[in-house]
$ cat protein_23.csv   # CSV, C-alpha atoms and all ligand atoms
chain,number,residue,atom,x,y,z
A,198,MET,CA,-8.0,13.2,-5.7
A,199,ARG,CA,-8.5,9.8,-7.1
A,200,LEU,CA,-6.6,6.7,-8.2
A,201,LEU,CA,-6.0,6.7,-11.9
A,202,SER,CA,-3.9,3.6,-12.3
A,203,LEU,CA,-2.0,0.8,-10.7
A,204,GLU,CA,1.0,-1.0,-12.1
A,205,ILE,CA,2.0,-4.3,-10.5
A,206,ASP,CA,5.2,-6.1,-11.7
A,207,GLY,CA,6.7,-9.0,-9.8
A,208,PHE,CA,4.5,-8.5,-6.7
A,209,LYS,CA,2.9,-11.6,-5.2
A,210,SER,CA,1.0,-13.5,-8.0
A,211,PHE,CA,1.7,-10.9,-10.6
A,212,ALA,CA,4.7,-12.3,-12.5
A,213,HIS,CA,4.1,-10.1,-15.5
A,214,LYS,CA,3.7,-6.3,-15.6
A,215,THR,CA,0.0,-5.6,-15.1
A,216,VAL,CA,-1.6,-2.2,-15.4
A,217,ILE,CA,-5.1,-1.5,-14.1
A,218,LYS,CA,-6.7,1.8,-15.1
A,219,PHE,CA,-9.5,3.1,-12.8
A,220,GLN,CA,-12.5,5.0,-14.2
A,221,PRO,CA,-14.3,7.6,-12.1
A,222,GLY,CA,-16.9,6.0,-9.9
A,223,MET,CA,-16.9,2.6,-8.3
A,224,THR,CA,-14.7,-0.3,-9.3
A,225,GLY,CA,-15.4,-3.9,-8.5
A,226,ILE,CA,-12.8,-6.6,-8.8
A,227,ILE,CA,-14.1,-10.1,-9.5
A,228,GLY,CA,-12.3,-13.4,-10.1
A,229,PRO,CA,-12.1,-17.0,-8.9
A,230,ASN,CA,-10.6,-17.9,-5.5
A,231,GLY,CA,-6.8,-17.4,-5.5
A,232,SER,CA,-6.8,-15.3,-8.6
A,233,GLY,CA,-5.2,-12.3,-7.0
A,234,LYS,CA,-8.0,-9.9,-5.9
A,235,SER,CA,-6.7,-9.5,-2.4
A,236,ASN,CA,-3.1,-9.2,-3.8
A,237,ILE,CA,-4.3,-6.1,-5.8
A,238,ILE,CA,-5.5,-4.4,-2.5
A,239,GLU,CA,-2.3,-5.4,-0.8
A,240,ALA,CA,-0.2,-3.9,-3.7
A,241,ILE,CA,-2.0,-0.6,-3.0
A,242,ARG,CA,-1.3,-0.8,0.7
A,243,TRP,CA,2.3,-1.8,0.1
A,244,VAL,CA,3.1,1.1,-2.3
A,245,MET,CA,1.7,3.5,0.3
A,246,GLY,CA,4.4,2.3,2.7
A,247,GLU,CA,3.0,-0.7,4.5
A,248,GLN,CA,5.9,-2.1,6.7
A,249,SER,CA,4.1,-5.1,8.2
A,250,ALA,CA,4.7,-8.4,6.3
A,251,LYS,CA,1.9,-9.9,8.5
A,252,THR,CA,-0.6,-7.4,7.2
A,253,LEU,CA,0.3,-8.5,3.8
A,254,ARG,CA,-0.1,-12.2,4.8
A,255,GLY,CA,3.6,-13.0,4.7
A,256,GLY,CA,6.3,-13.9,7.1
A,257,LYS,CA,9.1,-11.6,5.7
A,258,MET,CA,8.7,-8.6,3.5
A,259,VAL,CA,10.6,-10.4,0.6
A,260,ASP,CA,7.7,-12.8,0.5
A,261,VAL,CA,5.8,-10.2,-1.6
A,262,ILE,CA,8.2,-10.8,-4.5
A,263,PHE,CA,6.8,-13.3,-7.0
A,264,ASN,CA,8.2,-16.6,-5.9
A,265,GLY,CA,7.5,-18.7,-9.0
A,266,SER,CA,4.7,-20.9,-10.4
A,267,LYS,CA,4.6,-24.0,-12.5
A,268,ASP,CA,5.2,-22.0,-15.7
A,269,HIS,CA,7.3,-19.0,-14.5
A,270,HIS,CA,10.6,-18.8,-12.6
A,271,PRO,CA,10.8,-16.7,-9.4
A,272,LEU,CA,11.6,-13.0,-9.8
A,273,ASN,CA,14.2,-10.9,-8.1
A,274,ARG,CA,12.2,-7.7,-7.7
A,275,ALA,CA,8.7,-6.5,-6.9
A,276,LEU,CA,7.5,-3.2,-8.2
A,277,VAL,CA,4.2,-1.4,-7.6
A,278,LYS,CA,3.4,2.1,-8.9
A,279,ILE,CA,0.2,4.1,-8.4
A,280,THR,CA,-0.8,7.2,-10.2
A,281,LEU,CA,-3.1,9.6,-8.5
A,282,ASP,CA,-5.0,12.6,-9.9
A,283,ASN,CA,-4.2,15.4,-7.5
A,284,SER,CA,-5.6,18.3,-9.6
A,285,ASP,CA,-7.6,19.4,-6.5
A,286,HIS,CA,-4.4,19.3,-4.5
A,287,TYR,CA,-6.0,17.2,-1.8
A,288,LEU,CA,-2.6,15.7,-1.1
A,289,GLN,CA,-0.1,18.4,0.0
A,290,SER,CA,1.9,18.5,-3.2
A,291,ASP,CA,2.3,21.0,-6.0
A,292,PHE,CA,1.9,18.2,-8.5
A,293,SER,CA,-1.5,17.7,-10.1
A,294,GLU,CA,-0.6,14.1,-11.0
A,295,ILE,CA,1.4,12.1,-8.5
A,296,THR,CA,3.1,8.8,-9.0
A,297,VAL,CA,4.4,6.7,-6.1
A,298,THR,CA,6.7,3.7,-6.8
A,299,ARG,CA,8.0,1.1,-4.4
A,300,LYS,CA,10.6,-1.5,-5.3
A,301,LEU,CA,12.0,-4.4,-3.3
A,302,TYR,CA,14.8,-6.7,-4.3
A,303,ARG,CA,15.5,-10.2,-2.9
A,304,ASN,CA,18.7,-8.9,-1.1
A,305,GLY,CA,16.4,-6.6,0.9
A,306,ASP,CA,17.2,-3.4,-0.9
A,307,SER,CA,14.2,-1.2,-1.4
A,308,GLU,CA,13.5,2.0,-3.3
A,309,TYR,CA,10.7,4.6,-3.0
A,310,LEU,CA,10.0,7.2,-5.7
A,311,ILE,CA,7.6,10.1,-5.9
A,312,ASN,CA,7.2,11.3,-9.5
A,313,ASP,CA,10.2,9.3,-10.5
A,314,ARG,CA,12.5,11.0,-8.0
A,315,GLN,CA,14.1,8.8,-5.3
A,316,VAL,CA,12.7,9.6,-1.8
A,317,ARG,CA,12.7,8.1,1.7
A,318,LEU,CA,9.9,5.9,3.1
A,319,LYS,CA,9.1,8.8,5.4
A,320,ASP,CA,8.3,11.1,2.4
A,321,VAL,CA,5.8,8.5,1.1
A,322,VAL,CA,4.2,8.1,4.6
A,323,ASP,CA,4.0,11.9,5.0
A,324,LEU,CA,2.4,12.3,1.6
A,325,PHE,CA,-0.5,10.1,2.7
A,326,MET,CA,-0.6,10.9,6.4
A,327,ASP,CA,-3.9,12.5,7.5
A,328,SER,CA,-5.2,12.2,3.9
A,329,GLY,CA,-7.7,9.5,4.8
A,330,ILE,CA,-5.7,7.1,2.6
A,331,GLY,CA,-2.3,5.6,3.3
A,332,ARG,CA,-1.0,2.6,5.2
A,333,GLU,CA,-2.5,3.6,8.6
A,334,SER,CA,-5.9,4.8,7.3
A,335,PHE,CA,-9.3,3.3,7.4
A,336,SER,CA,-10.0,3.4,3.7
A,337,ILE,CA,-8.8,-0.2,3.5
A,338,ILE,CA,-10.6,-2.3,6.0
A,339,SER,CA,-9.8,-5.9,6.5
A,340,GLN,CA,-12.1,-8.3,8.4
A,341,GLY,CA,-9.7,-8.4,11.4
A,342,ARG,CA,-9.6,-4.6,11.6
A,343,VAL,CA,-13.3,-4.3,12.2
A,344,ALA,CA,-13.1,-6.6,15.3
A,345,ALA,CA,-10.0,-4.7,16.5
A,346,VAL,CA,-11.9,-1.4,16.5
A,347,PHE,CA,-14.8,-2.8,18.6
A,348,ASN,CA,-12.7,-5.0,20.9
A,349,GLY,CA,-9.7,-2.8,21.3
A,350,GLN,CA,-8.3,-1.0,24.4
A,351,PRO,CA,-9.5,2.6,24.9
A,352,SER,CA,-6.0,3.8,24.1
A,353,ASP,CA,-6.1,2.0,20.7
A,354,ARG,CA,-9.5,3.5,20.0
A,355,ARG,CA,-8.1,6.9,20.9
A,356,GLN,CA,-5.3,6.4,18.4
A,357,ILE,CA,-7.9,5.6,15.7
A,358,ILE,CA,-9.9,8.7,16.5
A,359,GLU,CA,-6.7,10.8,16.4
A,360,THR,CA,-5.9,9.4,13.0
A,361,VAL,CA,-9.4,10.0,11.7
A,362,ALA,CA,-9.4,13.6,13.1
A,363,GLY,CA,-6.1,14.4,11.5
A,364,VAL,CA,-4.0,15.1,14.5
A,365,ALA,CA,-1.8,12.0,14.2
A,366,LYS,CA,0.6,13.8,11.9
A,367,TYR,CA,1.3,16.5,14.5
A,368,LYS,CA,1.8,14.0,17.2
A,369,ALA,CA,4.3,12.1,15.1
A,370,ASN,CA,6.2,15.4,14.3
A,371,LYS,CA,6.2,16.3,18.0
A,372,GLN,CA,7.6,12.9,18.9
A,373,THR,CA,10.4,13.2,16.3
A,374,ALA,CA,11.2,16.8,17.5
A,375,GLN,CA,11.4,15.7,21.2
A,376,LYS,CA,13.8,12.9,20.3
A,377,ARG,CA,16.3,15.4,18.8
A,401,LIG,P1,-10.1,-15.3,-2.6
A,401,LIG,O1,-11.3,-15.2,-3.5
A,401,LIG,O2,-10.0,-16.7,-2.1
A,401,LIG,O3,-10.1,-14.2,-1.5
A,401,LIG,P2,-8.1,-13.8,-4.1
A,401,LIG,O4,-8.5,-13.5,-5.5
A,401,LIG,O5,-8.2,-12.7,-3.1
A,401,LIG,O6,-8.8,-15.1,-3.6
A,401,LIG,P3,-5.3,-13.7,-3.5
A,401,LIG,O7,-5.3,-14.1,-2.0
A,401,LIG,O8,-5.1,-12.3,-3.9
A,401,LIG,O9,-6.6,-14.3,-4.2
A,401,LIG,O10,-4.2,-14.6,-4.2
A,401,LIG,C1,-3.7,-15.7,-3.7
A,401,LIG,C2,-2.7,-16.3,-4.7
A,401,LIG,O11,-1.5,-15.5,-4.7
A,401,LIG,C3,-2.3,-17.7,-4.2
A,401,LIG,O12,-2.4,-18.6,-5.3
A,401,LIG,C4,-0.8,-17.5,-3.8
A,401,LIG,O13,0.0,-18.6,-4.1
A,401,LIG,C5,-0.4,-16.4,-4.7
A,401,LIG,N1,0.7,-15.7,-4.2
A,401,LIG,C6,0.9,-15.0,-3.0
A,401,LIG,N2,2.1,-14.6,-2.8
A,401,LIG,C7,2.8,-15.0,-3.9
A,401,LIG,C8,4.2,-14.8,-4.3
A,401,LIG,N3,5.1,-14.2,-3.6
A,401,LIG,N4,4.5,-15.4,-5.5
A,401,LIG,C9,3.6,-16.1,-6.3
A,401,LIG,N5,2.4,-16.2,-5.9
A,401,LIG,C10,1.9,-15.7,-4.8
A,402,MG,MG,-9.2,-12.5,-1.3

$ encode --input "protein_23.csv" --output "structure tokens"
Amino acid sequence: MRLLSLEIDGFKSFAHKTVIKFQPGMTGIIGPNGSGKSNIIEAIRWVMGEQSAKTLRGGKMVDVIFNGSKDHHPLNRALVKITLDNSDHYLQSDFSEITVTRKLYRNGDSEYLINDRQVRLKDVVDLFMDSGIGRESFSIISQGRVAAVFNGQPSDRRQIIETVAGVAKYKANKQTAQKR
């Protein structure tokens, strides 16, 4: 499984539709301060279901929508789409290529799509849960997160170990079942 491409349109500093294609191997992103490198990583986090505006350095979730610059008016919608090569079926899906799309409008409406079919946020989260990627994973590590692992409560560390070990999904399912 690997990331094939990323489309960003109206998300943060990306006023125009931008498509980044990833080649096999390692990719580095370079650019001046404030040019949008971190916004690219946040777009990936967001499309995989991130619900914390704070994690995305904003106050409210609608802050991720392009809010205008000196030569471009603000936009009404943010869209991020990732395309993954799943020919090894690493993600539990019959599809060998998977696209995940997330859209957010200024009025707060949001949409999630898997392979262009409308789904719930839960479906997106489930797709990535225990895969080692996804919004709760450790494949994207910010500076603050490193300190949190070392300085955290034992219960927080246990949660991290459970996520890494792949049991978090079963725990979440159990909790949902017990609520019913
Ligand atoms: P550094 O090298 O300093 O880490 P960077 O390349 O990671 O910089 P980012 O933090 O990704 O840069 O981008 C910051 C820019 O994104 C700022 O100019 C900020 O104004 C812009 N930005 C963030 N949110 C929005 C938004 N909703 N609309 C328009 N621009 C935005
Ligand atoms: Mg940065």

$ residues_near_ligand --input "protein_23.csv" --ligand "ligand MG 402 (chain A)" --cutoff "10 Å" --atoms "all atoms listed in the file" --output "compact mmCIF listing (two decimals) with C-alpha atoms, in the coordinates of the input"
# COMPACT_ATOMS: atom_id res chain seq x y z
CA ILE A 227 -14.10 -10.10 -9.50
CA GLY A 228 -12.30 -13.40 -10.10
CA PRO A 229 -12.10 -17.00 -8.90
CA ASN A 230 -10.60 -17.90 -5.50
CA GLY A 231 -6.80 -17.40 -5.50
CA SER A 232 -6.80 -15.30 -8.60
CA GLY A 233 -5.20 -12.30 -7.00
CA LYS A 234 -8.00 -9.90 -5.90
CA SER A 235 -6.70 -9.50 -2.40
CA ASN A 236 -3.10 -9.20 -3.80
CA ILE A 237 -4.30 -6.10 -5.80
CA ILE A 238 -5.50 -4.40 -2.50
CA GLU A 239 -2.30 -5.40 -0.80

$ closest_residue --input "protein_23.csv" --among "A:Phe219, A:Phe211, A:Phe325, A:Phe292" --to "Gly265 of chain A" --atoms "all atoms listed in the file"
A:Phe211

$ closest_residue --input "protein_23.csv" --among "A:Gly256, A:Pro271, A:Gly329, A:Gly207" --to "Val361 of chain A" --atoms "all atoms listed in the file"
A:Gly329

$ atom_distance --input "protein_23.csv" --atom1 "atom CA of Glu247 of chain A" --atom2 "atom CA of Ala374 of chain A"
23.3 Å

$ closest_residue --input "protein_23.csv" --among "A:Lys371, A:Lys257, A:Arg242, A:Arg274" --to "Lys214 of chain A" --atoms "all atoms listed in the file"
A:Arg274

$ atom_distance --input "protein_23.csv" --atom1 "atom CA of Gly255 of chain A" --atom2 "atom CA of His270 of chain A"
19.5 Å

$ closest_residue --input "protein_23.csv" --among "A:Leu272, A:Leu200, A:Ile279, A:Ile338" --to "ligand LIG 401 (chain A)" --atoms "all atoms listed in the file"
A:Leu272

$ atom_distance --input "protein_23.csv" --atom1 "atom CA of Gln248 of chain A" --atom2 "atom C7 of ligand LIG 401 (chain A)"
17.0 Å
